[in-house]
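J.: Okay, so here is data.pdb, and as you'll see once you scroll down, it has PDB, C-alpha atoms, pLDDT in the B column.
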ATOM      1  CA  MET A 989     -77.842 -43.782 -91.343  1.00 68.00           C
ATOM      2  CA  SER A 990     -74.107 -44.227 -90.955  1.00 86.00           C
ATOM      3  CA  VAL A 991     -71.912 -47.048 -92.200  1.00 91.00           C
ATOM      4  CA  LEU A 992     -71.355 -48.063 -88.572  1.00 93.00           C
ATOM      5  CA  SER A 993     -75.108 -48.312 -87.999  1.00 92.00           C
ATOM      6  CA  LEU A 994     -75.687 -50.346 -91.135  1.00 93.00           C
ATOM      7  CA  ARG A 995     -72.882 -52.786 -90.329  1.00 94.00           C
ATOM      8  CA  PHE A 996     -74.108 -53.170 -86.756  1.00 95.00           C
ATOM      9  CA  ARG A 997     -77.693 -53.791 -87.862  1.00 94.00           C
ATOM     10  CA  GLU A 998     -76.528 -56.344 -90.419  1.00 95.00           C
ATOM     11  CA  GLN A 999     -74.606 -58.239 -87.765  1.00 95.00           C
ATOM     12  CA  ALA A1000     -77.409 -57.895 -85.200  1.00 95.00           C
ATOM     13  CA  ILE A1001     -79.828 -59.437 -87.700  1.00 95.00           C
ATOM     14  CA  GLY A1002     -77.400 -62.311 -88.301  1.00 95.00           C
ATOM     15  CA  LEU A1003     -77.028 -62.797 -84.540  1.00 95.00           C
ATOM     16  CA  LYS A1004     -80.827 -62.633 -84.152  1.00 95.00           C
ATOM     17  CA  ILE A1005     -80.638 -59.889 -81.512  1.00 95.00           C
ATOM     18  CA  LEU A1006     -82.081 -56.947 -83.468  1.00 94.00           C
ATOM     19  CA  TYR A1007     -85.375 -55.878 -81.906  1.00 91.00           C
ATOM     20  CA  LYS A1008     -87.834 -55.181 -84.702  1.00 83.00           C
ATOM     21  CA  PRO A1009     -91.221 -53.991 -83.471  1.00 78.00           C
ATOM     22  CA  GLU A1010     -92.283 -53.091 -87.040  1.00 67.00           C
ATOM     23  CA  LEU A1011     -95.230 -55.473 -86.934  1.00 67.00           C
ATOM     24  CA  ASP A1012     -96.611 -53.996 -83.715  1.00 75.00           C
ATOM     25  CA  THR A1013     -98.645 -50.940 -84.770  1.00 78.00           C
ATOM     26  CA  SER A1014     -99.442 -50.071 -81.163  1.00 84.00           C
ATOM     27  CA  PHE A1015     -95.700 -49.684 -80.485  1.00 85.00           C
ATOM     28  CA  TRP A1016     -95.332 -47.188 -83.334  1.00 86.00           C
ATOM     29  CA  GLU A1017     -98.404 -45.261 -82.240  1.00 88.00           C
ATOM     30  CA  LYS A1018     -96.999 -45.107 -78.723  1.00 89.00           C
ATOM     31  CA  MET A1019     -93.571 -44.072 -80.030  1.00 90.00           C
ATOM     32  CA  THR A1020     -95.012 -41.368 -82.283  1.00 92.00           C
ATOM     33  CA  GLY A1021     -97.087 -40.013 -79.397  1.00 93.00           C
ATOM     34  CA  VAL A1022     -94.148 -39.799 -77.004  1.00 93.00           C
ATOM     35  CA  ILE A1023     -91.944 -38.120 -79.624  1.00 94.00           C
ATOM     36  CA  LYS A1024     -94.650 -35.562 -80.423  1.00 94.00           C
ATOM     37  CA  LYS A1025     -95.012 -34.819 -76.714  1.00 93.00           C
ATOM     38  CA  GLU A1026     -91.402 -34.916 -75.491  1.00 93.00           C
ATOM     39  CA  LEU A1027     -89.587 -33.785 -78.653  1.00 93.00           C
ATOM     40  CA  SER A1028     -92.200 -31.491 -80.168  1.00 93.00           C
ATOM     41  CA  GLN A1029     -89.664 -29.108 -81.745  1.00 94.00           C
ATOM     42  CA  ASP A1030     -87.734 -31.972 -83.334  1.00 93.00           C
ATOM     43  CA  TRP A1031     -91.029 -33.459 -84.549  1.00 94.00           C
ATOM     44  CA  MET A1032     -92.110 -30.173 -86.137  1.00 95.00           C
ATOM     45  CA  GLN A1033     -88.698 -29.760 -87.767  1.00 94.00           C
ATOM     46  CA  ALA A1034     -88.997 -33.264 -89.241  1.00 93.00           C
ATOM     47  CA  VAL A1035     -92.475 -32.448 -90.565  1.00 93.00           C
ATOM     48  CA  ASN A1036     -91.284 -29.098 -91.970  1.00 95.00           C
ATOM     49  CA  ASN A1037     -88.334 -30.860 -93.646  1.00 94.00           C
ATOM     50  CA  ARG A1038     -90.852 -33.251 -95.209  1.00 95.00           C
ATOM     51  CA  LEU A1039     -89.349 -36.320 -93.577  1.00 93.00           C
ATOM     52  CA  ASP A1040     -91.569 -39.391 -93.574  1.00 93.00           C
ATOM     53  CA  THR A1041     -92.796 -39.414 -89.972  1.00 89.00           C
ATOM     54  CA  ASN A1042     -94.480 -42.763 -90.623  1.00 88.00           C
ATOM     55  CA  ASP A1043     -91.096 -44.342 -91.350  1.00 88.00           C
ATOM     56  CA  PRO A1044     -89.641 -46.149 -88.309  1.00 86.00           C
ATOM     57  CA  GLU A1045     -86.130 -45.013 -89.307  1.00 87.00           C
ATOM     58  CA  THR A1046     -87.186 -41.370 -89.011  1.00 90.00           C
ATOM     59  CA  LEU A1047     -88.579 -42.018 -85.529  1.00 90.00           C
ATOM     60  CA  TRP A1048     -85.414 -43.794 -84.365  1.00 91.00           C
ATOM     61  CA  ASP A1049     -83.319 -40.954 -85.823  1.00 91.00           C
ATOM     62  CA  LEU A1050     -85.339 -38.414 -83.841  1.00 92.00           C
ATOM     63  CA  LEU A1051     -84.498 -40.389 -80.688  1.00 92.00           C
ATOM     64  CA  GLY A1052     -80.827 -40.679 -81.648  1.00 91.00           C
ATOM     65  CA  ILE A1053     -80.958 -44.479 -81.645  1.00 94.00           C
ATOM     66  CA  ASP A1054     -79.275 -46.492 -84.405  1.00 95.00           C
ATOM     67  CA  ALA A1055     -80.721 -49.836 -83.331  1.00 94.00           C
ATOM     68  CA  VAL A1056     -82.479 -51.585 -80.486  1.00 94.00           C
ATOM     69  CA  ILE A1057     -81.251 -55.019 -79.555  1.00 96.00           C
ATOM     70  CA  SER A1058     -82.808 -57.613 -77.298  1.00 95.00           C
ATOM     71  CA  LEU A1059     -80.397 -59.490 -75.043  1.00 96.00           C
ATOM     72  CA  GLU A1060     -81.022 -62.070 -72.354  1.00 93.00           C
ATOM     73  CA  ASP A1061     -79.120 -61.452 -69.131  1.00 89.00           C
ATOM     74  CA  ALA A1062     -77.686 -64.085 -66.774  1.00 87.00           C
ATOM     75  CA  GLU A1063     -81.041 -64.298 -64.932  1.00 88.00           C
ATOM     76  CA  GLY A1064     -82.886 -65.038 -68.184  1.00 90.00           C
ATOM     77  CA  GLU A1065     -84.589 -61.633 -68.431  1.00 91.00           C
ATOM     78  CA  SER A1066     -84.941 -60.196 -71.930  1.00 93.00           C
ATOM     79  CA  ILE A1067     -83.626 -56.627 -71.965  1.00 94.00           C
ATOM     80  CA  HIS A1068     -84.022 -54.080 -74.748  1.00 95.00           C
ATOM     81  CA  VAL A1069     -80.918 -51.972 -75.288  1.00 96.00           C
ATOM     82  CA  GLY A1070     -80.811 -48.817 -77.399  1.00 96.00           C
ATOM     83  CA  VAL A1071     -77.572 -48.594 -79.344  1.00 97.00           C
ATOM     84  CA  THR A1072     -75.800 -45.707 -81.029  1.00 97.00           C
ATOM     85  CA  LEU A1073     -72.461 -46.061 -82.794  1.00 96.00           C
ATOM     86  CA  HIS A1074     -70.003 -43.266 -83.454  1.00 95.00           C
ATOM     87  CA  ASP A1075     -66.406 -42.857 -84.543  1.00 95.00           C
ATOM     88  CA  GLN A1076     -65.783 -39.412 -83.041  1.00 94.00           C
ATOM     89  CA  GLU A1077     -65.286 -39.167 -79.295  1.00 94.00           C
ATOM     90  CA  HIS A1078     -66.580 -35.623 -78.777  1.00 95.00           C
ATOM     91  CA  LYS A1079     -69.788 -36.411 -80.683  1.00 94.00           C
ATOM     92  CA  ALA A1080     -70.231 -39.661 -78.785  1.00 95.00           C
ATOM     93  CA  TYR A1081     -70.008 -37.762 -75.489  1.00 95.00           C
ATOM     94  CA  LYS A1082     -72.503 -35.191 -76.755  1.00 95.00           C
ATOM     95  CA  ILE A1083     -74.934 -37.981 -77.668  1.00 94.00           C
ATOM     96  CA  LEU A1084     -74.423 -39.598 -74.256  1.00 95.00           C
ATOM     97  CA  THR A1085     -75.034 -36.321 -72.417  1.00 95.00           C
ATOM     98  CA  GLN A1086     -78.285 -35.835 -74.302  1.00 93.00           C
ATOM     99  CA  ALA A1087     -79.289 -39.448 -73.660  1.00 93.00           C
ATOM    100  CA  LYS A1088     -78.789 -39.034 -69.910  1.00 94.00           C
ATOM    101  CA  SER A1089     -81.197 -36.086 -69.770  1.00 94.00           C
ATOM    102  CA  PRO A1090     -84.477 -36.687 -67.920  1.00 93.00           C
ATOM    103  CA  LYS A1091     -86.460 -36.218 -71.138  1.00 93.00           C
ATOM    104  CA  TYR A1092     -84.635 -38.955 -73.059  1.00 94.00           C
ATOM    105  CA  SER A1093     -84.621 -41.229 -70.010  1.00 92.00           C
ATOM    106  CA  ARG A1094     -88.432 -40.889 -69.791  1.00 92.00           C
ATOM    107  CA  ILE A1095     -88.792 -41.683 -73.480  1.00 93.00           C
ATOM    108  CA  ARG A1096     -86.672 -44.836 -73.225  1.00 93.00           C
ATOM    109  CA  GLN A1097     -88.514 -45.927 -70.086  1.00 92.00           C
ATOM    110  CA  PHE A1098     -91.863 -45.393 -71.819  1.00 91.00           C
ATOM    111  CA  LEU A1099     -90.668 -47.508 -74.772  1.00 91.00           C
ATOM    112  CA  ASN A1100     -89.310 -50.232 -72.450  1.00 91.00           C
ATOM    113  CA  ILE A1101     -85.711 -49.652 -73.503  1.00 93.00           C
ATOM    114  CA  LYS A1102     -83.916 -50.536 -70.270  1.00 93.00           C
ATOM    115  CA  ARG A1103     -80.372 -49.604 -71.259  1.00 95.00           C
ATOM    116  CA  TYR A1104     -78.686 -47.300 -73.720  1.00 96.00           C
ATOM    117  CA  TRP A1105     -75.139 -47.766 -74.969  1.00 96.00           C
ATOM    118  CA  VAL A1106     -73.078 -45.454 -77.150  1.00 97.00           C
ATOM    119  CA  PHE A1107     -70.286 -47.396 -78.834  1.00 96.00           C
ATOM    120  CA  LEU A1108     -67.166 -45.500 -79.839  1.00 96.00           C
ATOM    121  CA  LEU A1109     -65.332 -47.401 -82.575  1.00 94.00           C
ATOM    122  CA  GLU A1110     -63.687 -47.111 -85.959  1.00 90.00           C
ATOM    123  CA  VAL A1111     -65.066 -48.524 -89.190  1.00 88.00           C
ATOM    124  CA  ARG A1112     -61.734 -50.128 -90.111  1.00 89.00           C
ATOM    125  CA  THR A1113     -61.632 -52.110 -86.841  1.00 88.00           C
ATOM    126  CA  PHE A1114     -65.304 -53.065 -86.735  1.00 93.00           C
ATOM    127  CA  PRO A1115     -65.829 -56.129 -84.506  1.00 94.00           C
ATOM    128  CA  THR A1116     -66.733 -59.524 -85.897  1.00 93.00           C
ATOM    129  CA  PRO A1117     -70.060 -61.073 -84.868  1.00 94.00           C
ATOM    130  CA  GLU A1118     -68.236 -63.217 -82.306  1.00 94.00           C
ATOM    131  CA  GLU A1119     -66.541 -60.146 -80.820  1.00 94.00           C
ATOM    132  CA  TRP A1120     -69.892 -58.351 -80.623  1.00 95.00           C
ATOM    133  CA  ILE A1121     -71.408 -61.292 -78.750  1.00 95.00           C
ATOM    134  CA  ASP A1122     -68.552 -61.248 -76.234  1.00 94.00           C
ATOM    135  CA  LEU A1123     -68.791 -57.490 -75.780  1.00 94.00           C
ATOM    136  CA  LEU A1124     -72.586 -57.267 -75.559  1.00 96.00           C
ATOM    137  CA  TYR A1125     -73.038 -60.136 -73.134  1.00 94.00           C
ATOM    138  CA  ALA A1126     -70.155 -58.937 -70.955  1.00 92.00           C
ATOM    139  CA  GLU A1127     -72.030 -55.626 -70.633  1.00 92.00           C
ATOM    140  CA  ILE A1128     -75.511 -57.061 -70.124  1.00 93.00           C
ATOM    141  CA  ASP A1129     -74.266 -59.405 -67.387  1.00 90.00           C
ATOM    142  CA  LEU A1130     -72.459 -56.766 -65.317  1.00 84.00           C
ATOM    143  CA  PRO A1131     -73.557 -56.808 -61.674  1.00 77.00           C
ATOM    144  CA  THR A1132     -75.951 -54.019 -60.706  1.00 67.00           C
ATOM    145  CA  THR A1133     -73.255 -52.347 -58.592  1.00 67.00           C
ATOM    146  CA  GLU A1134     -70.925 -52.049 -61.610  1.00 68.00           C
ATOM    147  CA  ARG A1135     -73.567 -51.278 -64.202  1.00 70.00           C
ATOM    148  CA  ASP A1136     -74.464 -47.938 -65.736  1.00 80.00           C
ATOM    149  CA  ASP A1137     -77.705 -48.164 -67.698  1.00 88.00           C
ATOM    150  CA  CYS A1138     -76.669 -45.301 -69.978  1.00 93.00           C
ATOM    151  CA  LYS A1139     -73.002 -45.403 -70.917  1.00 94.00           C
ATOM    152  CA  LEU A1140     -70.241 -44.872 -73.428  1.00 95.00           C
ATOM    153  CA  ILE A1141     -68.360 -48.021 -74.400  1.00 95.00           C
ATOM    154  CA  TYR A1142     -64.973 -47.840 -76.092  1.00 94.00           C
ATOM    155  CA  VAL A1143     -64.595 -50.681 -78.566  1.00 93.00           C
ATOM    156  CA  GLU A1144     -60.933 -51.523 -78.813  1.00 84.00           C
ATOM    157  CA  PRO A1145     -59.611 -53.028 -82.049  1.00 73.00           C
ATOM    158  CA  ASN A1146     -59.669 -56.834 -81.832  1.00 66.00           C
ATOM    159  CA  LEU A1147     -61.254 -56.559 -78.397  1.00 49.00           C
TER     160      LEU A1147
END
How does the structure come out when it is put into structure tokens?
T.:
Amino acid sequence: MSVLSLRFREQAIGLKILYKPELDTSFWEKMTGVIKKELSQDWMQAVNNRLDTNDPETLWDLLGIDAVISLEDAEGESIHVGVTLHDQEHKAYKILTQAKSPKYSRIRQFLNIKRYWVFLLEVRTFPTPEEWIDLLYAEIDLPTTERDDCKLIYVEPNL
């Protein structure tokens, strides 16, 4: 897990937006099943590398998701958003391209993750909790006509 991911998770916990289904065993069974089916080669590689496939972090890593947050939109609907953070543009685009594939879209839909955002930012200009709130809610409240459910978001220093 990267420094960006750890910092984001820490702030998401403080903001009380980090989605943590750890207590729901049916969620993990469902997630494991969909990964075994849709990402069978990645699953076998994880098993062969002796990764702990019962560890939620391993499962999220296989999906390329650093965190899942739960945000309430302007209509009051709670929306789960998969989040990945990166500091290199070419890698962020590669992650986004993979995420937009039908396979990964099916997986997110199956897990009720409605949106997926790849944030491109630098560690040295990491947003404050207040800046994250502004950024996240500006995105979640975009009108349907302007919204892309799977997108790359450039995080400018000091927003």
J.: So for region 1032-1048 of chain A, what box centre and size do we get, axis-aligned, 5 Å extra on each of the six sides, every listed atom, Å to one decimal, as AutoDock Vina command-line options?
T.:
--center_x -89.9 --center_y -37.6 --center_z -89.8 --size_x 19.1 --size_y 27.1 --size_z 20.8
J.: Quick one: which residues end up in the PyMOL selection byres ((chain A and resi 1003) around 12) for this structure, as a compact mmCIF listing (two decimals) with C-alpha atoms, in the coordinates of the input?
T.:
# COMPACT_ATOMS: atom_id res chain seq x y z
CA PHE A 996 -74.11 -53.17 -86.76
CA ARG A 997 -77.69 -53.79 -87.86
CA GLU A 998 -76.53 -56.34 -90.42
CA GLN A 999 -74.61 -58.24 -87.76
CA ALA A 1000 -77.41 -57.90 -85.20
CA ILE A 1001 -79.83 -59.44 -87.70
CA GLY A 1002 -77.40 -62.31 -88.30
CA LYS A 1004 -80.83 -62.63 -84.15
CA ILE A 1005 -80.64 -59.89 -81.51
CA LEU A 1006 -82.08 -56.95 -83.47
CA TYR A 1007 -85.38 -55.88 -81.91
CA ILE A 1057 -81.25 -55.02 -79.56
CA SER A 1058 -82.81 -57.61 -77.30
CA LEU A 1059 -80.40 -59.49 -75.04
CA THR A 1116 -66.73 -59.52 -85.90
CA PRO A 1117 -70.06 -61.07 -84.87
CA GLU A 1118 -68.24 -63.22 -82.31
CA GLU A 1119 -66.54 -60.15 -80.82
CA TRP A 1120 -69.89 -58.35 -80.62
CA ILE A 1121 -71.41 -61.29 -78.75
CA ASP A 1122 -68.55 -61.25 -76.23
CA LEU A 1124 -72.59 -57.27 -75.56
J.: Evaluated on this file, the PyMOL selection byres ((chain A and resi 1094-1107) around 9) picks out some residues - which ones are they, written as a PyMOL selection string?
T.: chain A and resi 1015+1018-1019+1022-1023+1026+1051+1053+1056+1067-1075+1080-1081+1083-1084+1087+1089-1093+1108-1109+1128+1136-1143
J.: Quick check, in Å to one decimal: how far apart do CA of Lys1008 (chain A) and CA of Pro1044 (chain A) lie?
T.: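 Distance between the two atoms: 9.9 Å.
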J.: Between A:Asn1042, A:Glu1144, A:Asp1129, A:Ser993, which is the closest to Glu1063 (chain A) once you count all atoms listed in the file?
T.: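 Ranked by minimum distance to Glu1063 (chain A), first place goes to A:Asp1129.
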J.: For a quick check of your reading of the model, name the residues lying within 10 Å of the coordinate (-65.6, -50.1, -91.5), counting all atoms listed in the file, and write them as a VMD selection string.
T.: chain A and resid 991 to 992 995 1109 to 1115
J.: Would you mind exporting the chosen residues as a PDB file, in the coordinates of the input, restricted to C-alpha atoms?
T.:
ATOM      1  CA  VAL A 991     -71.912 -47.048 -92.200  1.00 91.00           C
ATOM      2  CA  LEU A 992     -71.355 -48.063 -88.572  1.00 93.00           C
ATOM      3  CA  ARG A 995     -72.882 -52.786 -90.329  1.00 94.00           C
ATOM      4  CA  LEU A1109     -65.332 -47.401 -82.575  1.00 94.00           C
ATOM      5  CA  GLU A1110     -63.687 -47.111 -85.959  1.00 90.00           C
ATOM      6  CA  VAL A1111     -65.066 -48.524 -89.190  1.00 88.00           C
ATOM      7  CA  ARG A1112     -61.734 -50.128 -90.111  1.00 89.00           C
ATOM      8  CA  THR A1113     -61.632 -52.110 -86.841  1.00 88.00           C
ATOM      9  CA  PHE A1114     -65.304 -53.065 -86.735  1.00 93.00           C
ATOM     10  CA  PRO A1115     -65.829 -56.129 -84.506  1.00 94.00           C
TER      11      PRO A1115
END
J.: What does the structure give for the distance between CA of Thr1020 (chain A) and CA of Glu1065 (chain A), in Å to one decimal?
T.: 26.7 Å
J.: Just the number, please: distance in Å from CA of Asp1061 (chain A) to CA of Pro1009 (chain A), one decimal.
T.: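 If I compute the distance from CA of Asp1061 (chain A) to CA of Pro1009 (chain A), I get 20.2 Å.
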J.: Calculated over only C-alpha atoms, which of the candidates A:Lys1088, A:Asp1040, A:Asp1049, A:Gln1029 has the smallest distance to Ser990 (chain A)?
T.: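 Result for the nearest residue to Ser990 (chain A): A:Asp1049.
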J.: Which residues are close to Trp1031 (chain A), i.e. within 10 Å by all atoms listed in the file, leaving aside same-chain residues fewer than 5 positions away? Reply as a short mmCIF file (atom, residue, chain, number, x, y, z; two decimals) with C-alpha atoms, in the frame of the given file.
T.:
data_model
loop_
_atom_site.label_atom_id
_atom_site.label_comp_id
_atom_site.auth_asym_id
_atom_site.auth_seq_id
_atom_site.Cartn_x
_atom_site.Cartn_y
_atom_site.Cartn_z
CA THR A 1020 -95.01 -41.37 -82.28
CA ILE A 1023 -91.94 -38.12 -79.62
CA LYS A 1024 -94.65 -35.56 -80.42
CA LYS A 1025 -95.01 -34.82 -76.71
CA GLU A 1026 -91.40 -34.92 -75.49
CA ASN A 1036 -91.28 -29.10 -91.97
CA ASN A 1037 -88.33 -30.86 -93.65
CA LEU A 1039 -89.35 -36.32 -93.58
CA THR A 1041 -92.80 -39.41 -89.97
CA THR A 1046 -87.19 -41.37 -89.01
CA LEU A 1047 -88.58 -42.02 -85.53
CA LEU A 1050 -85.34 -38.41 -83.84
#
J.: Could you add whatever atoms are missing so that region 1088-1101 of chain A carries N, CA and C atoms, then write the result as a PDB file, in the coordinates of the input?
T.:
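As a result, result.pdb now contains:
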ATOM      1  N   LYS A1088     -78.643 -38.968 -71.367  1.00 94.00           N
ATOM      2  CA  LYS A1088     -78.789 -39.034 -69.910  1.00 94.00           C
ATOM      3  C   LYS A1088     -79.760 -37.990 -69.365  1.00 94.00           C
ATOM      4  N   SER A1089     -80.254 -37.108 -70.227  1.00 94.00           N
ATOM      5  CA  SER A1089     -81.197 -36.086 -69.770  1.00 94.00           C
ATOM      6  C   SER A1089     -82.500 -36.750 -69.325  1.00 94.00           C
ATOM      7  N   PRO A1090     -83.208 -36.111 -68.400  1.00 93.00           N
ATOM      8  CA  PRO A1090     -84.477 -36.687 -67.920  1.00 93.00           C
ATOM      9  C   PRO A1090     -85.477 -36.946 -69.048  1.00 93.00           C
ATOM     10  N   LYS A1091     -85.508 -36.061 -70.035  1.00 93.00           N
ATOM     11  CA  LYS A1091     -86.460 -36.218 -71.138  1.00 93.00           C
ATOM     12  C   LYS A1091     -86.206 -37.515 -71.906  1.00 93.00           C
ATOM     13  N   TYR A1092     -84.962 -37.754 -72.292  1.00 94.00           N
ATOM     14  CA  TYR A1092     -84.635 -38.955 -73.059  1.00 94.00           C
ATOM     15  C   TYR A1092     -84.741 -40.209 -72.200  1.00 94.00           C
ATOM     16  N   SER A1093     -84.447 -40.094 -70.923  1.00 92.00           N
ATOM     17  CA  SER A1093     -84.621 -41.229 -70.010  1.00 92.00           C
ATOM     18  C   SER A1093     -86.102 -41.615 -69.917  1.00 92.00           C
ATOM     19  N   ARG A1094     -86.980 -40.621 -69.831  1.00 92.00           N
ATOM     20  CA  ARG A1094     -88.432 -40.889 -69.791  1.00 92.00           C
ATOM     21  C   ARG A1094     -88.893 -41.578 -71.068  1.00 92.00           C
ATOM     22  N   ILE A1095     -88.388 -41.096 -72.202  1.00 93.00           N
ATOM     23  CA  ILE A1095     -88.792 -41.683 -73.480  1.00 93.00           C
ATOM     24  C   ILE A1095     -88.384 -43.152 -73.541  1.00 93.00           C
ATOM     25  N   ARG A1096     -87.136 -43.437 -73.188  1.00 93.00           N
ATOM     26  CA  ARG A1096     -86.672 -44.836 -73.225  1.00 93.00           C
ATOM     27  C   ARG A1096     -87.479 -45.695 -72.248  1.00 93.00           C
ATOM     28  N   GLN A1097     -87.739 -45.173 -71.072  1.00 92.00           N
ATOM     29  CA  GLN A1097     -88.514 -45.927 -70.086  1.00 92.00           C
ATOM     30  C   GLN A1097     -89.909 -46.218 -70.638  1.00 92.00           C
ATOM     31  N   PHE A1098     -90.539 -45.233 -71.240  1.00 91.00           N
ATOM     32  CA  PHE A1098     -91.863 -45.393 -71.819  1.00 91.00           C
ATOM     33  C   PHE A1098     -91.873 -46.453 -72.915  1.00 91.00           C
ATOM     34  N   LEU A1099     -90.772 -46.541 -73.673  1.00 91.00           N
ATOM     35  CA  LEU A1099     -90.668 -47.508 -74.772  1.00 91.00           C
ATOM     36  C   LEU A1099     -90.065 -48.840 -74.332  1.00 91.00           C
ATOM     37  N   ASN A1100     -89.852 -48.995 -73.031  1.00 91.00           N
ATOM     38  CA  ASN A1100     -89.310 -50.232 -72.450  1.00 91.00           C
ATOM     39  C   ASN A1100     -87.901 -50.540 -72.945  1.00 91.00           C
ATOM     40  N   ILE A1101     -87.119 -49.487 -73.165  1.00 93.00           N
ATOM     41  CA  ILE A1101     -85.711 -49.652 -73.503  1.00 93.00           C
ATOM     42  C   ILE A1101     -84.953 -49.454 -72.199  1.00 93.00           C
TER      43      ILE A1101
END
